[in-house]
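Text of data04.cif, listed as mmCIF, C-alpha atoms:
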data_protein
#
loop_
_atom_site.label_atom_id
_atom_site.label_comp_id
_atom_site.auth_asym_id
_atom_site.auth_seq_id
_atom_site.Cartn_x
_atom_site.Cartn_y
_atom_site.Cartn_z
CA MET A 259 4.34 -18.99 -1.38
CA ALA A 260 7.78 -19.33 -2.98
CA GLU A 261 8.60 -15.66 -3.09
CA LYS A 262 10.43 -14.10 -0.19
CA LEU A 263 8.13 -11.57 1.39
CA SER A 264 9.24 -8.47 3.26
CA ASP A 265 8.24 -8.19 6.90
CA LYS A 266 5.78 -5.41 6.04
CA LYS A 267 4.24 -7.45 3.24
CA LYS A 268 3.87 -10.46 5.52
CA ALA A 269 2.35 -8.24 8.19
CA ALA A 270 -0.15 -6.85 5.69
CA LEU A 271 -1.12 -10.34 4.50
CA ALA A 272 -1.38 -11.65 8.05
CA SER A 273 -3.56 -8.72 9.06
CA ALA A 274 -5.83 -9.22 6.05
CA ALA A 275 -6.12 -12.96 6.70
CA ALA A 276 -6.95 -12.36 10.36
CA SER A 277 -9.48 -9.62 9.52
CA SER A 278 -11.26 -11.58 6.81
CA GLY A 279 -14.97 -10.79 6.72
CA GLN A 280 -14.71 -7.49 8.60
CA SER A 281 -16.56 -4.52 7.13
CA THR A 282 -14.49 -1.61 5.81
CA VAL A 283 -17.43 0.65 4.98
CA GLY A 284 -16.76 2.94 7.96
CA LEU A 285 -13.10 3.34 7.08
CA ARG A 286 -13.86 4.14 3.44
CA ILE A 287 -16.63 6.60 4.31
CA GLY A 288 -14.27 8.28 6.79
CA ALA A 289 -11.54 8.52 4.16
CA ALA A 290 -13.94 9.95 1.57
CA ALA A 291 -15.27 12.53 4.05
CA LEU A 292 -11.78 13.69 5.01
CA TRP A 293 -10.74 13.89 1.36
CA LEU A 294 -13.82 15.99 0.56
CA LEU A 295 -12.95 18.37 3.39
CA ALA A 296 -9.38 18.52 2.07
CA ILE A 297 -10.59 19.64 -1.35
CA VAL A 298 -12.81 22.27 0.32
CA CYS A 299 -9.74 23.56 2.20
CA GLU A 300 -7.83 23.69 -1.09
CA PHE A 301 -10.33 26.09 -2.65
CA VAL A 302 -10.66 28.12 0.57
CA ALA A 303 -6.86 28.44 0.50
CA LEU A 304 -7.03 29.71 -3.08
CA ALA A 305 -9.84 32.14 -2.23
CA VAL A 306 -8.08 33.71 0.76
CA ILE A 307 -4.63 33.83 -0.82
CA THR A 308 -6.02 35.73 -3.84
CA GLU A 309 -8.23 37.82 -1.51
CA ALA A 310 -11.34 36.70 -3.37
CA THR A 311 -12.74 35.84 0.08
CA ILE A 312 -12.18 37.71 3.32
CA ILE A 313 -12.52 35.81 6.59
CA PRO A 314 -13.49 38.41 9.25
CA PHE A 315 -11.62 36.91 12.20
CA LEU A 316 -8.44 36.46 10.14
CA THR A 317 -8.09 40.00 8.81
CA SER A 318 -4.97 40.53 10.94
CA VAL A 319 -3.24 37.61 9.18
CA PRO A 320 -1.71 38.29 5.73
CA PRO A 321 -3.60 36.48 2.92
CA LEU A 322 -0.46 34.53 1.98
CA TYR A 323 -0.19 33.05 5.47
CA GLN A 324 -3.91 32.30 5.54
CA GLY A 325 -3.55 30.35 2.30
CA ILE A 326 -0.59 28.37 3.59
CA ALA A 327 -2.47 27.56 6.80
CA PHE A 328 -5.41 26.14 4.85
CA LEU A 329 -2.97 24.16 2.69
CA ALA A 330 -1.53 22.68 5.88
CA VAL A 331 -5.01 21.61 6.99
CA ASP A 332 -5.55 20.23 3.48
CA LEU A 333 -2.36 18.19 3.84
CA ILE A 334 -3.36 16.73 7.21
CA LEU A 335 -6.82 15.75 5.98
CA VAL A 336 -5.41 14.08 2.86
CA ILE A 337 -2.86 12.05 4.82
CA VAL A 338 -5.30 10.89 7.52
CA GLY A 339 -7.84 9.97 4.86
CA SER A 340 -5.22 8.01 2.94
CA GLN A 341 -4.21 6.08 6.04
CA LEU A 342 -7.83 5.07 6.60
CA TRP A 343 -8.13 4.01 2.97
CA LYS A 344 -4.93 1.95 3.11
CA LYS A 345 -6.11 0.29 6.31
CA ALA A 346 -9.36 -0.62 4.57
CA ASN A 347 -7.39 -2.05 1.62
CA HIS A 348 -5.35 -4.21 3.99
CA ILE A 349 -8.54 -5.59 5.54
CA ASN A 350 -10.53 -6.06 2.37
CA PRO A 351 -8.15 -5.88 -0.63
CA ALA A 352 -9.23 -5.65 -4.24
CA SER A 353 -8.89 -8.50 -6.70
CA GLU A 354 -6.13 -8.53 -9.32
CA LYS A 355 -8.56 -9.93 -11.88
CA ASN A 356 -9.52 -6.38 -12.86
CA ALA A 357 -6.14 -4.71 -13.29
CA VAL A 358 -7.56 -1.20 -13.74
CA LEU A 359 -9.75 -1.36 -10.66
CA PHE A 360 -6.93 -2.93 -8.64
CA TRP A 361 -4.58 -0.08 -9.60
CA LEU A 362 -7.17 2.60 -8.87
CA TRP A 363 -8.12 1.03 -5.53
CA ASN A 364 -4.49 0.93 -4.34
CA ASN A 365 -3.58 4.38 -5.66
CA MET A 366 -6.70 6.28 -4.63
CA GLY A 367 -4.80 8.22 -1.99
CA VAL A 368 -2.23 9.44 -4.51
CA ILE A 369 -4.97 10.38 -6.97
CA VAL A 370 -6.71 12.43 -4.29
CA CYS A 371 -3.38 14.12 -3.50
CA ALA A 372 -3.21 15.38 -7.07
CA ILE A 373 -6.81 16.62 -6.90
CA ALA A 374 -6.20 18.31 -3.54
CA PHE A 375 -3.19 20.38 -4.63
CA LEU A 376 -2.68 20.61 -8.40
CA PRO A 377 -5.81 22.73 -9.12
CA PHE A 378 -4.61 25.19 -6.48
CA VAL A 379 -1.24 25.54 -8.22
CA ILE A 380 -2.75 25.92 -11.69
CA LEU A 381 -5.42 28.44 -10.67
CA LEU A 382 -3.01 30.45 -8.51
CA LEU A 383 -0.49 30.78 -11.33
CA LYS A 384 -3.27 31.90 -13.70
CA SER A 385 -4.77 34.37 -11.23
CA ASP A 386 -4.46 38.07 -11.96
CA LYS A 387 -5.32 38.92 -8.34
CA ALA A 388 -2.09 37.62 -6.80
CA ASP A 389 1.35 39.22 -7.07
CA GLN A 390 4.45 37.33 -8.14
CA LYS A 391 5.66 36.74 -4.56
CA THR A 392 2.32 35.25 -3.54
CA LYS A 393 2.28 33.01 -6.60
CA THR A 394 5.84 31.82 -6.00
CA VAL A 395 5.51 31.13 -2.28
CA GLY A 396 2.02 29.65 -2.61
CA THR A 397 3.10 27.35 -5.44
CA ILE A 398 6.18 26.15 -3.54
CA ALA A 399 4.08 25.46 -0.43
CA ALA A 400 1.49 23.51 -2.45
CA VAL A 401 4.12 21.45 -4.29
CA ILE A 402 5.88 20.55 -1.02
CA ALA A 403 2.53 19.56 0.50
CA LEU A 404 1.75 17.49 -2.61
CA LEU A 405 5.05 15.60 -2.35
CA ILE A 406 4.63 14.90 1.37
CA ALA A 407 1.04 13.78 0.92
CA GLY A 408 1.93 11.66 -2.11
CA VAL A 409 4.67 9.73 -0.31
CA SER A 410 2.50 9.30 2.79
CA SER A 411 -0.50 8.15 0.76
CA TYR A 412 1.31 5.68 -1.51
CA ASP A 413 0.99 2.04 -0.49
CA PHE A 414 4.45 0.50 -0.77
CA ASN A 415 3.07 -2.93 0.16
CA PRO A 416 -0.22 -3.36 -1.72
CA ILE A 417 -1.92 -6.71 -1.42
CA SER A 418 -4.61 -8.44 -3.45
CA ALA A 419 -7.48 -10.71 -2.52
CA GLU A 420 -5.69 -13.55 -4.32
CA GLU A 421 -2.50 -13.05 -2.28
CA VAL A 422 -4.46 -13.16 0.95
CA GLN A 423 -6.19 -16.38 -0.11
CA GLN A 424 -2.86 -17.91 -1.09
CA TYR A 425 -1.27 -16.77 2.16
CA ALA A 426 -4.07 -18.26 4.22
CA ALA A 427 -4.08 -21.55 2.29
CA SER A 428 -0.37 -22.24 1.70
CA THR A 429 0.85 -25.36 3.49
CA VAL A 430 4.16 -25.12 5.30
CA TYR A 431 5.97 -27.35 7.78
CA TRP A 432 7.77 -26.86 11.06
CA THR A 433 9.20 -29.01 13.79
CA GLU A 434 8.36 -29.19 17.45
CA TYR A 435 11.64 -27.64 18.54
CA GLY A 436 12.90 -25.88 15.39
CA SER A 437 12.73 -22.15 14.79
CA ARG A 438 12.07 -22.05 11.02
CA LEU A 439 9.26 -22.93 8.65
CA HIS A 440 9.70 -25.06 5.53
CA THR A 441 7.89 -25.05 2.19
CA HIS A 442 8.87 -28.67 1.40
CA ASN A 443 8.16 -31.65 3.62
CA ASP A 444 11.17 -33.46 2.13
CA CYS A 445 13.59 -30.64 3.00
CA GLN A 446 17.00 -31.98 4.04
CA ALA A 447 16.71 -30.10 7.31
CA LEU A 448 13.71 -32.28 8.17
CA SER A 449 15.33 -35.60 7.26
CA ARG A 450 15.99 -36.60 10.86
CA THR A 451 12.74 -35.26 12.28
CA ALA A 452 10.47 -37.85 13.84
CA PRO A 453 6.95 -37.85 12.32
CA GLU A 454 5.36 -36.98 15.65
CA ASN A 455 7.54 -33.84 15.84
CA LEU A 456 6.64 -32.58 12.36
CA HIS A 457 3.72 -30.17 12.09
CA SER A 458 2.00 -28.71 9.05
CA GLY A 459 -0.47 -25.93 8.47
CA THR A 460 -0.91 -22.51 6.92
CA ILE A 461 1.70 -19.77 7.10
CA ALA A 462 -0.51 -17.94 9.57
CA GLN A 463 -0.59 -21.02 11.81
CA ALA A 464 3.18 -21.38 11.55
CA GLU A 465 3.63 -17.76 12.59
CA GLU A 466 1.25 -18.27 15.50
CA ALA A 467 3.56 -21.12 16.55
CA GLY A 468 6.51 -18.73 16.41
CA ARG A 469 7.93 -19.89 13.06
CA SER A 470 8.09 -16.89 10.72
CA THR A 471 11.53 -17.31 9.12
CA LEU A 472 11.85 -19.45 5.99
CA CYS A 473 14.41 -22.26 6.01
CA LYS A 474 17.50 -21.40 3.91
CA TYR A 475 17.40 -24.75 2.09
CA CYS A 476 13.76 -24.26 1.09
CA GLU A 477 14.43 -20.67 0.10
CA LYS A 478 17.26 -21.73 -2.26
CA ARG A 479 15.21 -24.63 -3.62
CA ASP A 480 12.22 -22.42 -4.39
CA ALA A 481 14.45 -19.80 -6.03
CA ALA A 482 16.13 -22.48 -8.19
CA GLN A 483 12.75 -23.84 -9.33
CA ILE A 484 11.59 -20.40 -10.35
CA GLN A 485 14.85 -19.75 -12.19
CA ASN A 486 14.57 -23.05 -14.10
CA ILE A 487 11.08 -22.12 -15.26
CA VAL A 488 12.28 -18.69 -16.41
CA GLN A 489 15.22 -20.17 -18.34
CA MET A 490 13.23 -23.03 -19.92
CA PRO A 491 13.03 -22.74 -23.74
CA ALA A 492 9.78 -21.17 -24.91
CA GLU A 493 8.62 -24.30 -26.73
CA GLN A 494 8.96 -26.33 -23.51
CA ASN A 495 6.75 -23.87 -21.69
CA LEU A 496 3.93 -24.34 -24.20
CA PRO A 497 1.04 -26.62 -23.28
CA ALA A 498 1.19 -30.05 -24.90
CA ALA A 499 -1.87 -29.28 -27.00
CA ALA A 500 -0.06 -26.37 -28.62
CA ASN A 501 2.56 -28.73 -30.06
CA GLU A 502 0.08 -31.23 -31.47
#

Spit out the file's structure as structure tokens when you get a sec.
Amino acid sequence: MAEKLSDKKKAALASAAASSGQSTVGLRIGAAALWLLAIVCEFVALAVITEATIIPFLTSVPPLYQGIAFLAVDLILVIVGSQLWKKANHINPASEKNAVLFWLWNNMGVIVCAIAFLPFVILLLKSDKADQKTKTVGTIAAVIALLIAGVSSYDFNPISAEEVQQYAASTVYWTEYGSRLHTHNDCQALSRTAPENLHSGTIAQAEEAGRSTLCKYCEKRDAAQIQNIVQMPAEQNLPAAANE
């Protein structure tokens, strides 16, 4: 893998490679159940804040505060559900072959966030049973909750099934006493290494051996190769058959 991966990205790939074959059904069912409860809390919040529903044991609490409390529960449920969903994605990631499904799978938590808070805002603002103060405070509380849930639910290091396969299969090299891994067996840093002291394997195996930092020479070499491909004239990038 020529690209330089962040520590979190590498951790996600390593976790997925190590967890290959594990079932994520429980995690996804748990996430879906929590999200469903969150949406229920959203509409309960709307009902109590507009006084369309009276909860007997909460009559001493102003409707506005009741609504905010249910929004808080809504927020917690959405976030916990999203963490379960992201964990499932990092165990059994979607394939990039279907771009739409891949995007939906990795942004499901954010989509649920919108469902769990935006209807509340729209219906509250349209309600004729709530005064202006209730609408203002309730809307602000819901928008803040939406932003917090959105950031918490977004996966900043999404991975694909193809990346995991590449991570698990990539061949790298390391020496018996060195501290870095290499992507090229003819790296200048390996020129004086005796054959019996040179090891090869997957990135995961290299990391198990304590080599998780890419050699600077290999890093520059990989970057230069990528840059040369990018700068190559378009006609040189075409397959030979296209020029015949």

Polymer residues at most 10 Å from Leu294 of chain A, only C-alpha atoms, same-chain spacing of 5 or more positions, as number ranges by chain: A: 288-289, 299-300, 332, 335-336, 339, 370, 374

If the PyMOL selection byres ((chain A and resi 398) around 12) were run on this exact file, what residues would it hold? Put them as a ChimeraX atom specification. /A:326,329,375-376,378-379,382-383,391-397,399-405

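Proximity of A:Cys473, A:Ile337, A:Ala388, A:Val358 to Val306 of chain A, computed with all atoms listed in the file, is greatest for A:Ala388.
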
Would you translate the PyMOL selection byres ((chain A and resi 429) around 6) into the concrete set of residues it matches in this file, as a PyMOL selection string? chain A and resi 428+430+459-460

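Computed from the coordinates, the atom CA of Ala467 of chain A to atom CA of Ala427 of chain A distance equals 16.2 Å.
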
Apply the PyMOL selection byres ((chain A and resi 363) around 10) to the displayed file and report the matching residues as a JSON list (two decimals) with C-alpha atoms, in the coordinates of the input.
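As a result, selection.json now contains:
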[["chain", "number", "residue", "atom", "x", "y", "z"],
["A", 343, "TRP", "CA", -8.13, 4.01, 2.97],
["A", 344, "LYS", "CA", -4.93, 1.95, 3.11],
["A", 347, "ASN", "CA", -7.39, -2.05, 1.62],
["A", 351, "PRO", "CA", -8.15, -5.88, -0.63],
["A", 352, "ALA", "CA", -9.23, -5.65, -4.24],
["A", 353, "SER", "CA", -8.89, -8.50, -6.70],
["A", 357, "ALA", "CA", -6.14, -4.71, -13.29],
["A", 358, "VAL", "CA", -7.56, -1.20, -13.74],
["A", 359, "LEU", "CA", -9.75, -1.36, -10.66],
["A", 360, "PHE", "CA", -6.93, -2.93, -8.64],
["A", 361, "TRP", "CA", -4.58, -0.08, -9.60],
["A", 362, "LEU", "CA", -7.17, 2.60, -8.87],
["A", 364, "ASN", "CA", -4.49, 0.93, -4.34],
["A", 365, "ASN", "CA", -3.58, 4.38, -5.66],
["A", 366, "MET", "CA", -6.70, 6.28, -4.63],
["A", 367, "GLY", "CA", -4.80, 8.22, -1.99],
["A", 369, "ILE", "CA", -4.97, 10.38, -6.97],
["A", 416, "PRO", "CA", -0.22, -3.36, -1.72]]

Please report the interatomic distance between atom CA of Ile373 of chain A and atom CA of Asp389 of chain A in Å with one decimal. 24.0 Å

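Atom CA of Leu456 of chain A is found 27.4 Å from atom CA of Ala270 of chain A.
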
Among A:Asn350, A:Ser458, A:Asn356, A:Ser470, Ala419 of chain A is approached most closely, using all atoms listed in the file, by A:Asn350

Tell me which of A:Trp432, A:Thr311, A:Thr451, A:Cys371 sits closest to Ala407 of chain A, counting only C-alpha atoms. A:Cys371

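Each of A:Cys476, A:Val368, A:Cys445, A:Leu322 was compared to Tyr412 of chain A using all atoms listed in the file, and A:Val368 turns out to be the nearest.
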
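Restricting the calculation to all atoms listed in the file, the smallest distance between Gln280 of chain A and any of A:Ile312, A:Ile349, A:Val331, A:Leu381 is found for A:Ile349.
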
Starting from the incomplete input, reconstruct N, CA and C atoms of segment 427-453 of chain A and report them as a short mmCIF file (atom, residue, chain, number, x, y, z; two decimals), in the coordinates of the input.
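Result file follows (selection17.cif):
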data_model
loop_
_atom_site.label_atom_id
_atom_site.label_comp_id
_atom_site.auth_asym_id
_atom_site.auth_seq_id
_atom_site.Cartn_x
_atom_site.Cartn_y
_atom_site.Cartn_z
N ALA A 427 -3.95 -20.14 2.66
CA ALA A 427 -4.08 -21.55 2.29
C ALA A 427 -2.76 -22.29 2.12
N SER A 428 -1.66 -21.59 1.96
CA SER A 428 -0.37 -22.24 1.70
C SER A 428 0.01 -23.19 2.84
N THR A 429 0.45 -24.38 2.48
CA THR A 429 0.85 -25.36 3.49
C THR A 429 2.36 -25.30 3.71
N VAL A 430 2.75 -25.14 4.94
CA VAL A 430 4.16 -25.12 5.30
C VAL A 430 4.36 -26.11 6.44
N TYR A 431 5.63 -26.33 6.79
CA TYR A 431 5.97 -27.35 7.78
C TYR A 431 6.93 -26.77 8.80
N TRP A 432 6.83 -27.27 10.01
CA TRP A 432 7.77 -26.86 11.06
C TRP A 432 7.88 -27.98 12.09
N THR A 433 8.96 -27.95 12.82
CA THR A 433 9.20 -29.01 13.79
C THR A 433 8.86 -28.53 15.19
N GLU A 434 8.74 -29.48 16.07
CA GLU A 434 8.36 -29.19 17.45
C GLU A 434 9.34 -28.24 18.12
N TYR A 435 10.63 -28.43 17.83
CA TYR A 435 11.64 -27.64 18.54
C TYR A 435 12.44 -26.71 17.62
N GLY A 436 12.18 -26.75 16.32
CA GLY A 436 12.90 -25.88 15.39
C GLY A 436 12.38 -24.45 15.44
N SER A 437 13.11 -23.56 14.77
CA SER A 437 12.73 -22.15 14.79
C SER A 437 12.32 -21.63 13.41
N ARG A 438 12.36 -22.49 12.38
CA ARG A 438 12.07 -22.05 11.02
C ARG A 438 10.91 -22.83 10.41
N LEU A 439 10.31 -22.23 9.38
CA LEU A 439 9.26 -22.93 8.65
C LEU A 439 9.83 -23.40 7.32
N HIS A 440 9.22 -24.43 6.76
CA HIS A 440 9.70 -25.06 5.53
C HIS A 440 8.56 -25.14 4.51
N THR A 441 8.90 -24.95 3.25
CA THR A 441 7.89 -25.05 2.19
C THR A 441 7.87 -26.43 1.55
N HIS A 442 8.81 -27.30 1.94
CA HIS A 442 8.87 -28.67 1.40
C HIS A 442 8.97 -29.67 2.55
N ASN A 443 8.10 -30.67 2.53
CA ASN A 443 8.16 -31.65 3.62
C ASN A 443 9.33 -32.62 3.48
N ASP A 444 10.00 -32.60 2.30
CA ASP A 444 11.17 -33.46 2.13
C ASP A 444 12.47 -32.64 2.20
N CYS A 445 12.39 -31.49 2.82
CA CYS A 445 13.59 -30.64 3.00
C CYS A 445 14.64 -31.42 3.77
N GLN A 446 15.92 -31.24 3.39
CA GLN A 446 17.00 -31.98 4.04
C GLN A 446 17.11 -31.66 5.52
N ALA A 447 16.64 -30.47 5.90
CA ALA A 447 16.71 -30.10 7.31
C ALA A 447 15.69 -30.87 8.14
N LEU A 448 14.73 -31.51 7.46
CA LEU A 448 13.71 -32.28 8.17
C LEU A 448 13.96 -33.78 8.12
N SER A 449 15.07 -34.18 7.50
CA SER A 449 15.33 -35.60 7.26
C SER A 449 15.42 -36.44 8.54
N ARG A 450 15.84 -35.85 9.62
CA ARG A 450 15.99 -36.60 10.86
C ARG A 450 14.88 -36.30 11.85
N THR A 451 13.85 -35.62 11.39
CA THR A 451 12.74 -35.26 12.28
C THR A 451 11.76 -36.42 12.41
N ALA A 452 11.44 -36.78 13.61
CA ALA A 452 10.47 -37.85 13.84
C ALA A 452 9.09 -37.37 13.41
N PRO A 453 8.28 -38.24 12.81
CA PRO A 453 6.95 -37.85 12.32
C PRO A 453 6.10 -37.14 13.37
#
